[in-house]
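Beneath this line is the structure, given in structure tokens, with notes to follow.
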Amino acid sequence: MSAPGNTLETVKEVARLVKEAGGRALLVGGCVRDSLLGADTEIKDYDLEVYGLESEKLESVLSARFKLDLVGRSFGVIKLHHYDIDIALPRRETKLGAGHRAFGIDSDPFMPVEDAAARRDFTINAIYRDPLTDEIVDPYGGRRDLEERILRHVSPHFAEDPLRVLRGMQFVARFCLKPAIETIEICRAMTPENLPRERLFEEWSKLLVKGVKISAGLEFLRAVGWVDYYPELTALIGCRQAPEWHPEGDVWNHTLCCLDAFARERGDNSDDENLIVGLAVLCHDFGKPATTYFDPVKARLRSLGHDEAGVGPTIAFLERLTDETRILREVPPLVRNHMKPYAMWRGGAGENAIRRLAAEVVRIDRLARVAAADDGGRPPFPSNPEPINWLMAEADRLRIKDSAPKPIVQGRHLVEMGLKPGVKFGEILKSCYEAQLDGAFSDLEGGLKFCATLPFSE
């Protein structure tokens with residue numbers, strides 16, 4: 001058995017084994033697309049399609065050298081243990097019903113490459129490369145479309161899988177593509193059917209974590225009519241704003257500008273952090289459609305309370321995408337507090353207020369990023385970094401920049417004081433934490449003294 005090593009060299013080794021057995025292995029999909037874009041160093045997984053060998057023969061050839069994972073055998077897919085390499089036979093897919101998974105699969109290692117490529121989604125993902133010779137096999141002109149930055153579906157089979165519309169959304173954003181008119185038209189005729197939440201969330205996550213021009217992806221969603229399946233987004237379209245504060249236009253345009261500002265500043269933050277912040281930026285003004293009105297006294301449009309009003313729509317939007325507890329728990333507080341950095345800076349907020357804010361949003365640095373994206377989403381106005389810099393400096397001084405203040409008084413301390421665990425524990429600990437946030441004490445000694453003053457601690 002081969003030991004783990006360089007993945008690309010392993011790909012070539014597989015291709016050599018297949019060739020020696022009378023077949024041919026071709027790279028296809030994202031690994032080819034990304035390499036043509038010059039991203040070889042970033043490629044983490046490879047897809048190989050093997051022609052000319054029956055399934056049993058292919059397994060026999062590979063198992064002599066590698067440990068195989070055959071969980072996907074029924075779909076014609078073999079995985080190599082320790083490597084991000086998927087090896088598949090070319091196949092035909094037959095639509096059997098509604099949904100993303102309702103397909104019958106028929107593997108055929110002797111079908112022409114052109115026929116196999118016809119089942120793929122976009123031309124830029126239907127480019128093949130021989131890992132041994134570097135020969136490009138491009139039956140649908142994907143390389144030309146990639147060079148011209150065009151998103152074009154491969155064939156009428158595209159319409160059989162509605163998830164491809166959302167894949168188009170994130171590809172447009174990631175690679176700055178312009179969708180072909182015929183691709184927009186075929187997407188308009190498609191509906192989400194009963195796509196599972198985890199697949200929806202995967203595409204939205206890629207949009208926010210990998211998108212270079214996130215606004216283009218959302219404009220694609222609007223062009224194909226799929227924004228209508230997200231009423232919280234649809235409500236932003238045409239929701240007017242005071243032009244003296246928002247020269248960029250309505251709330252939809254503002255949100256797109258904010259997302260592009262966020263994408264420019266993702267930096268080296270983790271994907272998890274970027275996803276939480278990106279979702280908060282996407283949702284931050286969901287409360288404006290319900291709160292925007294013309295104030296005759298101020299003689300301008302206002303959206304008082306839109307931060308709090310945005311929490312409900314944010315939760316509704318997120319729950320249609322995911323059941324991940326962390327997302328549902330940590331994104332809404334960022335929406336509720338997205339205006340706090342500016343308000344606290346302007347009002348000269350003290351330490352206690354900053355501690356309480358950190359306790360609610362979990363990480364001040366996240367909120368700072370959301371607020372910075374909001375500020376950067378008003379072109380041609382320049383950004384004003386002073387409020388963000390002030391808040392981050394204060395949070396850093398208080399050591400709560402990237403975490404909520406940790407409770408000083410904990411359950412074990414109450415036990416040491418002679419209290420028996422019970423319902424009162426939670427009340428006592430909550431009171432102690434509230435007092436800690438208010439600056440009543442800053443160490444354990446002070447916390448225990450405070451605890452001793454509580455009427456229910458006796």
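Every chain in the structure tokens takes a letter, A first, then B, and so on in the order presented; its residues are numbered from 1, and the ligands are numbered from 1 following the presented order.
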Counting only C-alpha atoms, which residues of segment 254-276 of chain A fall within 8 Å of segment 378-390 of chain A, and what is the closest atom pair for each with its distance in Å at one decimal, ordered by chain and rising number, as CSV?
residue,atom,partner,partner_atom,distance
A:His254,CA,A:Arg378,CA,6.5
A:Cys257,CA,A:Arg378,CA,7.0
A:Cys258,CA,A:Arg378,CA,7.7
Inset, instruction - Please provide the set of residues having any atom within 8 Å of segment 174-190 of chain A, restricted to only C-alpha atoms, with same-chain residues fewer than 2 positions apart removed, written as a ChimeraX atom specification. - result: /A:149-153,159,162,165,170-172,192,207,210-214,216,220,223-226
Legend entry - Non-local contacts of Glu147 of chain A (10 Å; only C-alpha atoms; under 3 positions in same chain excluded) as a ChimeraX atom specification: /A:36-37,124,142-144,150,177
File dump, residues just selected, N, CA and C atoms, as a JSON list (two decimals), in the first residue's frame:
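Generated file (out.json):
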[["chain", "number", "residue", "atom", "x", "y", "z"],
["A", 36, "LEU", "N", -6.23, 26.13, -14.53],
["A", 36, "LEU", "CA", -6.20, 27.03, -15.68],
["A", 36, "LEU", "C", -6.26, 28.49, -15.25],
["A", 37, "LEU", "N", -6.81, 28.73, -14.06],
["A", 37, "LEU", "CA", -6.83, 30.09, -13.52],
["A", 37, "LEU", "C", -5.54, 30.42, -12.78],
["A", 124, "ILE", "N", -17.23, 25.67, -17.76],
["A", 124, "ILE", "CA", -15.95, 25.85, -17.09],
["A", 124, "ILE", "C", -15.62, 24.67, -16.17],
["A", 142, "GLY", "N", -15.27, 25.19, -22.69],
["A", 142, "GLY", "CA", -15.15, 25.75, -21.35],
["A", 142, "GLY", "C", -13.93, 26.62, -21.16],
["A", 143, "ARG", "N", -12.83, 26.26, -21.82],
["A", 143, "ARG", "CA", -11.61, 27.07, -21.66],
["A", 143, "ARG", "C", -11.80, 28.47, -22.23],
["A", 144, "ARG", "N", -12.48, 28.56, -23.34],
["A", 144, "ARG", "CA", -12.77, 29.88, -23.93],
["A", 144, "ARG", "C", -13.68, 30.69, -22.99],
["A", 150, "ILE", "N", -17.17, 33.89, -18.77],
["A", 150, "ILE", "CA", -18.59, 33.66, -19.06],
["A", 150, "ILE", "C", -19.07, 32.41, -18.33],
["A", 177, "LEU", "N", -17.73, 36.17, -13.06],
["A", 177, "LEU", "CA", -18.24, 35.73, -14.36],
["A", 177, "LEU", "C", -19.48, 36.51, -14.77]]
Legend entry - Long-range neighbours of Glu244 of chain A as an NGL selection string, 10 Å cut-off, only C-alpha atoms, 3 positions minimum in chain: :A and (241 or 247-248 or 300-301)
Write a file of the selected residues as a PDB file, in the first residue's frame, keeping C-alpha atoms.
ATOM      1  CA  GLN A 241     -32.815  55.404   1.958  1.00  0.00           C
ATOM      2  CA  PRO A 247     -25.891  57.848  -2.163  1.00  0.00           C
ATOM      3  CA  GLU A 248     -25.512  54.226  -3.332  1.00  0.00           C
ATOM      4  CA  ARG A 300     -35.853  62.852   5.359  1.00  0.00           C
ATOM      5  CA  LEU A 301     -36.245  59.083   5.332  1.00  0.00           C
TER       6      LEU A 301
END
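Surrounding segment 19-25 of chain A within 6 Å are Ala15, Arg16, Glu49, Val50, Tyr51, Gly52 and Leu53 of chain A, with only C-alpha atoms counted and residues fewer than 3 positions along the same chain left out.
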Next, the residues of the selection above should be written as a PDB file, in the first residue's frame with N, CA and C atoms.
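What landed in selection.pdb:
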ATOM      1  N   ALA A  15      -3.120   7.597 -12.658  1.00  0.00           N
ATOM      2  CA  ALA A  15      -3.263   7.672 -14.113  1.00  0.00           C
ATOM      3  C   ALA A  15      -2.337   6.682 -14.814  1.00  0.00           C
ATOM      4  N   ARG A  16      -1.123   6.513 -14.263  1.00  0.00           N
ATOM      5  CA  ARG A  16      -0.196   5.552 -14.866  1.00  0.00           C
ATOM      6  C   ARG A  16      -0.705   4.119 -14.693  1.00  0.00           C
ATOM      7  N   GLU A  49     -11.806  10.969 -13.832  1.00  0.00           N
ATOM      8  CA  GLU A  49     -12.774  10.120 -14.520  1.00  0.00           C
ATOM      9  C   GLU A  49     -11.978   9.097 -15.341  1.00  0.00           C
ATOM     10  N   VAL A  50     -12.334   7.831 -15.170  1.00  0.00           N
ATOM     11  CA  VAL A  50     -11.570   6.750 -15.798  1.00  0.00           C
ATOM     12  C   VAL A  50     -12.361   6.138 -16.943  1.00  0.00           C
ATOM     13  N   TYR A  51     -11.734   6.104 -18.104  1.00  0.00           N
ATOM     14  CA  TYR A  51     -12.353   5.551 -19.308  1.00  0.00           C
ATOM     15  C   TYR A  51     -11.649   4.252 -19.695  1.00  0.00           C
ATOM     16  N   GLY A  52     -12.425   3.312 -20.206  1.00  0.00           N
ATOM     17  CA  GLY A  52     -11.852   2.087 -20.771  1.00  0.00           C
ATOM     18  C   GLY A  52     -11.672   0.938 -19.811  1.00  0.00           C
ATOM     19  N   LEU A  53     -12.029   1.094 -18.528  1.00  0.00           N
ATOM     20  CA  LEU A  53     -11.901   0.002 -17.568  1.00  0.00           C
ATOM     21  C   LEU A  53     -13.232  -0.221 -16.852  1.00  0.00           C
TER      22      LEU A  53
END
Inset, instruction - Can you list, as a PyMOL selection string, all residues belonging to segment 343-451 of chain A that DSSP tags as helix (DSSP H, G or I)? - result: chain A and resi 343-347+351-361+364-375+386-397+411-416+423-437+444-451
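All residues of segment 137-244 of chain A that DSSP, run on the backbone, classes as strand (DSSP E) are Val137, Ile150, Leu151, Lys178 and Pro179 of chain A.
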Using only N, CA and C atoms, please write the residues we just selected to a file, as a tab-separated table (two decimals), in the first residue's frame.
chain	number	residue	atom	x	y	z
A	137	VAL	N	-8.87	18.30	-22.94
A	137	VAL	CA	-10.01	17.81	-23.71
A	137	VAL	C	-11.19	18.69	-23.31
A	150	ILE	N	-17.17	33.89	-18.77
A	150	ILE	CA	-18.59	33.66	-19.06
A	150	ILE	C	-19.07	32.41	-18.33
A	151	LEU	N	-20.20	32.51	-17.69
A	151	LEU	CA	-20.85	31.35	-17.07
A	151	LEU	C	-21.91	30.83	-18.04
A	178	LYS	N	-19.69	36.59	-16.06
A	178	LYS	CA	-20.92	37.16	-16.61
A	178	LYS	C	-21.78	36.03	-17.14
A	179	PRO	N	-22.98	35.84	-16.61
A	179	PRO	CA	-23.81	34.72	-17.07
A	179	PRO	C	-24.31	34.92	-18.49
Legend entry - Polymer residues at most 8 Å from Lys401 of chain A, only C-alpha atoms, same-chain spacing of 2 or more positions, as a list in words: Ala358, Arg363, Ile364, Asp365, Met392, Ala395, Asp396, Leu398, Arg399, Ser403 and Ala404 of chain A
Saved selection, atoms kept: C-alpha atoms, as a short mmCIF file (atom, residue, chain, number, x, y, z; two decimals), in the first residue's frame:
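File written: result_13.cif
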data_model
loop_
_atom_site.label_atom_id
_atom_site.label_comp_id
_atom_site.auth_asym_id
_atom_site.auth_seq_id
_atom_site.Cartn_x
_atom_site.Cartn_y
_atom_site.Cartn_z
CA ALA A 358 -18.89 41.73 24.26
CA ARG A 363 -16.58 38.62 19.81
CA ILE A 364 -16.12 42.37 19.52
CA ASP A 365 -13.81 41.88 16.54
CA MET A 392 -11.14 47.66 19.09
CA ALA A 395 -11.76 45.85 23.72
CA ASP A 396 -8.08 44.98 23.43
CA LEU A 398 -10.10 45.03 28.42
CA ARG A 399 -8.93 41.73 26.87
CA SER A 403 -14.10 36.52 23.34
CA ALA A 404 -16.85 37.41 25.77
#
Legend entry - Residues near Tyr83 of chain A, cut-off 12 Å, only C-alpha atoms, skip fewer than 5 positions along chain, as a ChimeraX atom specification: /A:2-11,14,44-47,66-69,78
Inset, instruction - Could you please determine the separation between atom CA of Arg302 of chain A and atom CA of His246 of chain A in Å, to one decimal place? - result: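 Going from atom CA of Arg302 of chain A over to atom CA of His246 of chain A, I get 11.4 Å.
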Inset, instruction - Compare A:Glu394, A:Leu17, A:Cys283, A:Leu27 by their minimum atom-to-atom distance to Asp86 of chain A, counting only C-alpha atoms, and give me the closest one. - result: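 Between A:Glu394, A:Leu17, A:Cys283, A:Leu27, the residue approaching Asp86 of chain A most closely is A:Leu27.
Comparing the minimum interatomic distances between Leu195 of chain A and each of A:Met344, A:Val209, A:Asp161, A:Ala316, counting only C-alpha atoms, we find that A:Asp161 sits nearest.
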Inset, instruction - In Å, rounded to a single decimal, give me how far atom CA of Cys239 of chain A is from atom CA of Val361 of chain A. - result: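 We find that atom CA of Val361 of chain A and atom CA of Cys239 of chain A lie 27.3 Å from each other.
Taking atom CA of Ala309 of chain A and atom CA of Ala371 of chain A as the two end points, the separation is 17.1 Å.
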Legend entry - Shortest interatomic distance to Thr123 of chain A - which of A:Val28, A:Leu429, A:Leu80, A:Val415, counting only C-alpha atoms: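 Checking each of A:Val28, A:Leu429, A:Leu80, A:Val415 against Thr123 of chain A, counting only C-alpha atoms, the winner is A:Val28.
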